Amino acid sequence: MTTFKKILALLTLFIFILSCKTNSYSFLNSYPTKILPVVDSTNFSNHVEGKLLSKKEQVLLGLPTIFIDQLDDENAKVGVSYLPKISESYTSVVYYFYANNNELSSVLVNYDKKHNIINHQIVAYDEIADGLLKTTSTIYKDSIVLNEYISDSPSTMKFIILDNGDITRE
């Protein structure tokens with residue numbers, strides 16, 4: 001084998017390995033991107049369960065650190081709802097999460113360029129066991145306005161989305 005062919009083979013192998021490494025998160029490209037502002041009112045009446053994330057994808061995205069032991073429940077299900085375009089500096093993903101058959105939530109997670117979690121915030125929540133709690137939100141480029149309804153009594157909370165993707169309560 002000539003030196004040129006050896007170099008070409010090694011270069012091809014290197015590019016293949018590099019592309020596999022950088023494409024670990026490429027499955028996220030198949031989910032819809034949403035332009036802001038986005039109203040998230042995910043609840044049992046309007047949500048259609050899509051393709052669920054595998055355990056490997058859940059770990060890759062750091063979801064066990066967000067949902068802690070809830071992912072171990074046999075009735076727990078998690079999938080990607082959409083990717084809001086909040087910033088070019090970091091990636092945002094909104095997940096839907098069925099903790100069980102009675103609770104459904106949407107959670108916004110901001111990731112740095114290496115897909116490390118910066119911060120997360122629940123943006124919608126619905127429970128049908130007692131029907132006492134429901135949450136909806138509007139996601140803006142720099143904030144989340146969360147409306148919480150406890151027994152039909154509304155309250156509003158505002159969260160600030162910082163330039164680095166961190167989320168703090170106002």
# chains A, B, ... in the order shown; residues from 1 in each chain; ligands from 1

$ select_by_dssp --residues "region 5-160 of chain A" --states "helix (DSSP H, G or I)" --output "ChimeraX atom specification"
/A:5-22,26-30,55-60,63-72

$ select_by_dssp --residues "chain A" --states "strand (DSSP E)" --output "VMD selection string"
chain A and resid 33 to 34 38 to 40 77 to 84 91 to 98 103 to 111 117 to 127 133 to 139 143 to 150 153 to 161 167 to 169

$ write_last_selection --atoms "C-alpha atoms" --output "PDB file, in the first residue's frame"
ATOM      1  CA  THR A  33     -37.966  24.190  16.007  1.00  0.00           C
ATOM      2  CA  LYS A  34     -40.261  26.946  17.267  1.00  0.00           C
ATOM      3  CA  VAL A  38     -44.070  30.147  22.367  1.00  0.00           C
ATOM      4  CA  VAL A  39     -47.115  29.418  24.500  1.00  0.00           C
ATOM      5  CA  ASP A  40     -46.797  26.016  26.146  1.00  0.00           C
ATOM      6  CA  LYS A  77     -42.242   8.383  29.678  1.00  0.00           C
ATOM      7  CA  VAL A  78     -40.175  11.231  28.244  1.00  0.00           C
ATOM      8  CA  GLY A  79     -39.879  12.662  24.752  1.00  0.00           C
ATOM      9  CA  VAL A  80     -38.936  15.857  22.942  1.00  0.00           C
ATOM     10  CA  SER A  81     -41.762  18.305  22.243  1.00  0.00           C
ATOM     11  CA  TYR A  82     -39.844  21.017  20.386  1.00  0.00           C
ATOM     12  CA  LEU A  83     -36.696  23.127  20.290  1.00  0.00           C
ATOM     13  CA  PRO A  84     -37.386  26.803  20.972  1.00  0.00           C
ATOM     14  CA  THR A  91     -29.381  24.935  22.705  1.00  0.00           C
ATOM     15  CA  SER A  92     -32.851  24.754  24.241  1.00  0.00           C
ATOM     16  CA  VAL A  93     -35.069  21.684  24.308  1.00  0.00           C
ATOM     17  CA  VAL A  94     -38.582  21.308  25.702  1.00  0.00           C
ATOM     18  CA  TYR A  95     -39.342  17.780  26.895  1.00  0.00           C
ATOM     19  CA  TYR A  96     -42.706  16.283  27.747  1.00  0.00           C
ATOM     20  CA  PHE A  97     -42.625  14.024  30.750  1.00  0.00           C
ATOM     21  CA  TYR A  98     -45.290  11.619  31.969  1.00  0.00           C
ATOM     22  CA  GLU A 103     -49.092  13.794  35.734  1.00  0.00           C
ATOM     23  CA  LEU A 104     -47.804  15.426  32.558  1.00  0.00           C
ATOM     24  CA  SER A 105     -45.244  18.227  32.437  1.00  0.00           C
ATOM     25  CA  SER A 106     -43.198  20.187  29.914  1.00  0.00           C
ATOM     26  CA  VAL A 107     -39.682  21.123  30.936  1.00  0.00           C
ATOM     27  CA  LEU A 108     -37.395  23.608  29.191  1.00  0.00           C
ATOM     28  CA  VAL A 109     -33.711  22.638  29.383  1.00  0.00           C
ATOM     29  CA  ASN A 110     -30.875  24.889  28.209  1.00  0.00           C
ATOM     30  CA  TYR A 111     -27.616  23.214  27.148  1.00  0.00           C
ATOM     31  CA  ILE A 117     -27.115  21.251  31.214  1.00  0.00           C
ATOM     32  CA  ILE A 118     -27.030  24.950  32.072  1.00  0.00           C
ATOM     33  CA  ASN A 119     -30.428  25.066  33.781  1.00  0.00           C
ATOM     34  CA  HIS A 120     -34.034  23.918  33.443  1.00  0.00           C
ATOM     35  CA  GLN A 121     -37.555  25.070  34.271  1.00  0.00           C
ATOM     36  CA  ILE A 122     -41.019  23.500  34.191  1.00  0.00           C
ATOM     37  CA  VAL A 123     -43.118  25.429  31.669  1.00  0.00           C
ATOM     38  CA  ALA A 124     -46.350  23.424  31.750  1.00  0.00           C
ATOM     39  CA  TYR A 125     -47.891  20.949  34.162  1.00  0.00           C
ATOM     40  CA  ASP A 126     -51.164  19.069  34.325  1.00  0.00           C
ATOM     41  CA  GLU A 127     -52.417  16.500  36.796  1.00  0.00           C
ATOM     42  CA  LEU A 133     -53.044  22.080  39.633  1.00  0.00           C
ATOM     43  CA  LYS A 134     -52.411  23.285  36.090  1.00  0.00           C
ATOM     44  CA  THR A 135     -49.547  25.393  34.745  1.00  0.00           C
ATOM     45  CA  THR A 136     -49.006  27.107  31.384  1.00  0.00           C
ATOM     46  CA  SER A 137     -46.222  29.413  30.190  1.00  0.00           C
ATOM     47  CA  THR A 138     -45.163  31.795  27.507  1.00  0.00           C
ATOM     48  CA  ILE A 139     -41.500  31.458  26.599  1.00  0.00           C
ATOM     49  CA  SER A 143     -38.009  35.284  30.092  1.00  0.00           C
ATOM     50  CA  ILE A 144     -40.663  32.719  30.923  1.00  0.00           C
ATOM     51  CA  VAL A 145     -44.015  33.924  32.213  1.00  0.00           C
ATOM     52  CA  LEU A 146     -45.568  31.022  34.102  1.00  0.00           C
ATOM     53  CA  ASN A 147     -49.275  30.988  34.967  1.00  0.00           C
ATOM     54  CA  GLU A 148     -50.203  28.566  37.714  1.00  0.00           C
ATOM     55  CA  TYR A 149     -53.796  27.624  38.461  1.00  0.00           C
ATOM     56  CA  ILE A 150     -54.470  26.025  41.823  1.00  0.00           C
ATOM     57  CA  SER A 153     -57.035  30.531  41.376  1.00  0.00           C
ATOM     58  CA  PRO A 154     -54.390  31.960  39.025  1.00  0.00           C
ATOM     59  CA  SER A 155     -50.980  33.270  40.015  1.00  0.00           C
ATOM     60  CA  THR A 156     -48.129  34.446  37.795  1.00  0.00           C
ATOM     61  CA  MET A 157     -44.398  33.951  38.180  1.00  0.00           C
ATOM     62  CA  LYS A 158     -41.674  35.333  35.955  1.00  0.00           C
ATOM     63  CA  PHE A 159     -38.324  33.710  35.278  1.00  0.00           C
ATOM     64  CA  ILE A 160     -35.459  35.531  33.589  1.00  0.00           C
ATOM     65  CA  ILE A 161     -33.401  33.725  30.941  1.00  0.00           C
ATOM     66  CA  ILE A 167     -32.723  30.720  34.435  1.00  0.00           C
ATOM     67  CA  THR A 168     -33.513  32.696  37.581  1.00  0.00           C
ATOM     68  CA  ARG A 169     -36.772  33.647  39.245  1.00  0.00           C
TER      69      ARG A 169
END

$ atom_distance --atom1 "CA of Asn75 (chain A)" --atom2 "CA of Asn100 (chain A)"
5.1 Å

$ decode --residues "region 105-123 of chain A" --atoms "C-alpha atoms" --output "PDB file, in the first residue's frame"
ATOM      1  CA  SER A 105     -45.244  18.227  32.437  1.00  0.00           C
ATOM      2  CA  SER A 106     -43.198  20.187  29.914  1.00  0.00           C
ATOM      3  CA  VAL A 107     -39.682  21.123  30.936  1.00  0.00           C
ATOM      4  CA  LEU A 108     -37.395  23.608  29.191  1.00  0.00           C
ATOM      5  CA  VAL A 109     -33.711  22.638  29.383  1.00  0.00           C
ATOM      6  CA  ASN A 110     -30.875  24.889  28.209  1.00  0.00           C
ATOM      7  CA  TYR A 111     -27.616  23.214  27.148  1.00  0.00           C
ATOM      8  CA  ASP A 112     -24.197  24.691  26.422  1.00  0.00           C
ATOM      9  CA  LYS A 113     -22.435  23.919  23.122  1.00  0.00           C
ATOM     10  CA  LYS A 114     -21.167  20.594  24.566  1.00  0.00           C
ATOM     11  CA  HIS A 115     -24.690  19.603  25.692  1.00  0.00           C
ATOM     12  CA  ASN A 116     -24.006  20.100  29.372  1.00  0.00           C
ATOM     13  CA  ILE A 117     -27.115  21.251  31.214  1.00  0.00           C
ATOM     14  CA  ILE A 118     -27.030  24.950  32.072  1.00  0.00           C
ATOM     15  CA  ASN A 119     -30.428  25.066  33.781  1.00  0.00           C
ATOM     16  CA  HIS A 120     -34.034  23.918  33.443  1.00  0.00           C
ATOM     17  CA  GLN A 121     -37.555  25.070  34.271  1.00  0.00           C
ATOM     18  CA  ILE A 122     -41.019  23.500  34.191  1.00  0.00           C
ATOM     19  CA  VAL A 123     -43.118  25.429  31.669  1.00  0.00           C
TER      20      VAL A 123
END
